[in-house]
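Asker: Structure provided below as structure tokens; questions to follow.
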Amino acid sequence: MSTLKIQPTAFALSSSVRQLGFFNLNLPRNCVASSNHFSRYGTRRALTVSMSTTSSNPLEVCVKSSTTTPNKPGDCPFCQRVLLTLEEKHLPYDLKLVDLAHKPDWFLKLNPGGKVPVIKLNEKWISDSDVIAQALEEKYPDPPLGTPPEKASVGSKIFSTFIGFLKSKDPSDGTEKALISELSSFNNHIKDNGPYVNGKDISAVDLSLAPKLHHLEIALGHYKKWSIPDSLPHVKSYMKAIFSRDSFIKTRAQPEDVIAGWRPKVLG
């Protein structure tokens with residue numbers, strides 16, 4: 001397979017791309033987040049993109065495809081978490097973009113549950129982004145991405161309060177206040193511990209939180225014309241720092257995908 005080198009330290013995009021079909025909106029069953037989060041999906045077609053590095057044994061990973069841009073991952077924040085982990089650990093991987101509404105036979109054969117993300121480790125396919133992140137940390141400990149237990153839950157309630165506010169139709173129901181409260185706590189943590197949750201080095205908790213903040217920024221900006229208040233400067237600086245990392249830029253969801261993905265939750 002011929003390849004075109006895009007980044008000297010990253011991956012090469014295969015010259016062959018295999019179309020798998022078209023799919024429609026499918027919420028919320030197919031995106032396996034972690035043991036304690038739910039998921040959502042968007043629309044359109046999925047493609048398989050082969051990626052390789054100097055390693056001869058890239059890890060196989062299946063994620064949702066973009067609904068708007070060919071050869072790009074879709075809007076599942078838990079899939080992005082896994083891709084971020086692979087990128088930050090500089091691990092080669094074979095990225096398979098899957099049509100989740102019309103799942104191909106090859107995907108259902110290796111993963112009868114039909115959910116993403118899934119990755120092949122030690123000749124076994126595993127799912128759940130929490131499980132995958134932990135397995136990658138144990139198998140590939142360098143560079144370390146572990147978060148100390150006392151910091152592992154920092155920012156963990158931001159995503160759920162964001163969803164509550166996004167879906168709210170009543171400005172006085174307290175959902176905005178709940179979100180600001182969680183963001184304020186996170187702001188204080190970053191002020192005292194930043195630039196990342198565990199200090200100067202990025203860790204697993206950042207890779208879990210960053211995709212969710214990306215969704216928050218896009219979805220609330222689009223549907224509620226809402227943005228992070230200026231009174232939370234450390235949240236803003238955190239988002240700017242992590243969103244500008246090469247790993248995030250390569251794996252982030254397209255804004256159009258995020259908007260389309262949340263539309264049924266907001267308008268339904």
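So you can find residues: chains in the structure tokens are A, B, ... in the order shown, residues in each start at 1, and ligands are numbered from 1 in order.
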If we count only C-alpha atoms, what is near A:Ser185 at a cut-off of 12 Å, once residues fewer than 4 positions away on the same chain are taken out, given as number ranges by chain?
Answerer: A: 153-158, 178-181, 189-192, 197, 232, 234-235
Asker: Can those selected residues be exported to a file as a PDB file, in the first residue's frame so that it contains N, CA and C atoms?
Answerer:
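Ended up saving to again.pdb:
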ATOM      1  N   SER A 153     -11.129  12.672  39.157  1.00  0.00           N
ATOM      2  CA  SER A 153     -12.528  13.077  38.977  1.00  0.00           C
ATOM      3  C   SER A 153     -12.680  14.584  38.738  1.00  0.00           C
ATOM      4  N   VAL A 154     -11.576  15.290  38.599  1.00  0.00           N
ATOM      5  CA  VAL A 154     -11.651  16.734  38.355  1.00  0.00           C
ATOM      6  C   VAL A 154     -12.391  16.994  37.039  1.00  0.00           C
ATOM      7  N   GLY A 155     -13.397  17.838  37.098  1.00  0.00           N
ATOM      8  CA  GLY A 155     -14.166  18.180  35.895  1.00  0.00           C
ATOM      9  C   GLY A 155     -15.143  17.116  35.442  1.00  0.00           C
ATOM     10  N   SER A 156     -15.338  16.067  36.240  1.00  0.00           N
ATOM     11  CA  SER A 156     -16.144  14.931  35.790  1.00  0.00           C
ATOM     12  C   SER A 156     -17.631  15.233  35.644  1.00  0.00           C
ATOM     13  N   LYS A 157     -18.112  16.305  36.278  1.00  0.00           N
ATOM     14  CA  LYS A 157     -19.537  16.624  36.195  1.00  0.00           C
ATOM     15  C   LYS A 157     -19.848  17.707  35.156  1.00  0.00           C
ATOM     16  N   ILE A 158     -18.827  18.192  34.493  1.00  0.00           N
ATOM     17  CA  ILE A 158     -19.039  19.260  33.510  1.00  0.00           C
ATOM     18  C   ILE A 158     -19.906  18.765  32.349  1.00  0.00           C
ATOM     19  N   ALA A 178     -25.931  25.463  37.342  1.00  0.00           N
ATOM     20  CA  ALA A 178     -25.233  24.219  37.679  1.00  0.00           C
ATOM     21  C   ALA A 178     -23.975  24.061  36.834  1.00  0.00           C
ATOM     22  N   LEU A 179     -24.072  24.386  35.555  1.00  0.00           N
ATOM     23  CA  LEU A 179     -22.909  24.288  34.682  1.00  0.00           C
ATOM     24  C   LEU A 179     -21.836  25.282  35.103  1.00  0.00           C
ATOM     25  N   ILE A 180     -22.225  26.516  35.363  1.00  0.00           N
ATOM     26  CA  ILE A 180     -21.249  27.526  35.776  1.00  0.00           C
ATOM     27  C   ILE A 180     -20.581  27.136  37.087  1.00  0.00           C
ATOM     28  N   SER A 181     -21.334  26.516  37.979  1.00  0.00           N
ATOM     29  CA  SER A 181     -20.757  26.061  39.243  1.00  0.00           C
ATOM     30  C   SER A 181     -19.660  25.027  39.007  1.00  0.00           C
ATOM     31  N   HIS A 189      -9.402  24.873  40.151  1.00  0.00           N
ATOM     32  CA  HIS A 189      -8.404  23.795  40.151  1.00  0.00           C
ATOM     33  C   HIS A 189      -7.255  24.123  39.193  1.00  0.00           C
ATOM     34  N   ILE A 190      -7.597  24.565  37.998  1.00  0.00           N
ATOM     35  CA  ILE A 190      -6.559  24.884  37.015  1.00  0.00           C
ATOM     36  C   ILE A 190      -5.724  26.077  37.494  1.00  0.00           C
ATOM     37  N   LYS A 191      -6.357  27.034  38.129  1.00  0.00           N
ATOM     38  CA  LYS A 191      -5.624  28.182  38.679  1.00  0.00           C
ATOM     39  C   LYS A 191      -4.534  27.723  39.638  1.00  0.00           C
ATOM     40  N   ASP A 192      -4.859  26.743  40.462  1.00  0.00           N
ATOM     41  CA  ASP A 192      -3.923  26.283  41.490  1.00  0.00           C
ATOM     42  C   ASP A 192      -2.996  25.170  41.013  1.00  0.00           C
ATOM     43  N   VAL A 197      -4.723  19.403  34.293  1.00  0.00           N
ATOM     44  CA  VAL A 197      -5.318  18.952  35.556  1.00  0.00           C
ATOM     45  C   VAL A 197      -4.256  18.479  36.537  1.00  0.00           C
ATOM     46  N   LEU A 232     -14.100  33.227  34.065  1.00  0.00           N
ATOM     47  CA  LEU A 232     -13.445  31.925  34.205  1.00  0.00           C
ATOM     48  C   LEU A 232     -12.228  31.851  33.270  1.00  0.00           C
ATOM     49  N   HIS A 234      -9.211  30.778  33.579  1.00  0.00           N
ATOM     50  CA  HIS A 234      -8.356  29.590  33.591  1.00  0.00           C
ATOM     51  C   HIS A 234      -9.003  28.439  32.820  1.00  0.00           C
ATOM     52  N   VAL A 235     -10.321  28.396  32.785  1.00  0.00           N
ATOM     53  CA  VAL A 235     -11.000  27.435  31.913  1.00  0.00           C
ATOM     54  C   VAL A 235     -10.688  27.774  30.458  1.00  0.00           C
TER      55      VAL A 235
END
Asker: Quick one: DSSP strand (DSSP E or B) residues in stretch 81-138 of chain A, as an MDAnalysis selection string?
Answerer: chainID A and resid 93:98 116 118:121 124:127
Asker: A:Cys79: which residues within 7 Å, counting only C-alpha atoms, same-chain residues fewer than 5 positions away excluded, as a PDB file with N, CA, C and O atoms, in the first residue's frame?
Answerer:
ATOM      1  N   VAL A  63     -13.754   3.701  15.020  1.00  0.00           N
ATOM      2  CA  VAL A  63     -14.465   4.852  15.564  1.00  0.00           C
ATOM      3  C   VAL A  63     -15.555   5.282  14.585  1.00  0.00           C
ATOM      4  O   VAL A  63     -15.608   4.830  13.446  1.00  0.00           O
ATOM      5  N   VAL A 116     -18.806   1.593  19.301  1.00  0.00           N
ATOM      6  CA  VAL A 116     -17.473   2.167  19.217  1.00  0.00           C
ATOM      7  C   VAL A 116     -17.257   3.104  20.416  1.00  0.00           C
ATOM      8  O   VAL A 116     -18.233   3.581  21.001  1.00  0.00           O
ATOM      9  N   PRO A 117     -16.001   3.362  20.769  1.00  0.00           N
ATOM     10  CA  PRO A 117     -14.774   2.864  20.153  1.00  0.00           C
ATOM     11  C   PRO A 117     -14.466   1.431  20.561  1.00  0.00           C
ATOM     12  O   PRO A 117     -14.831   0.993  21.640  1.00  0.00           O
TER      13      PRO A 117
END
Asker: Using 10 Å as the limit and counting only C-alpha atoms, can you tabulate each residue of stretch 97-177 of chain A that touches stretch 247-262 of chain A, with its shortest atom-to-atom distance in Å and the two atoms involved, as CSV?
Answerer:
residue,atom,partner,partner_atom,distance
A:Ile163,CA,A:Trp262,CA,9.4
A:Leu166,CA,A:Trp262,CA,8.9
A:Lys167,CA,A:Trp262,CA,9.3
Asker: Provide the atom CA of A:Asp230 to atom CA of A:Lys212 distance in Å, to one decimal place.
Answerer: 19.6 Å
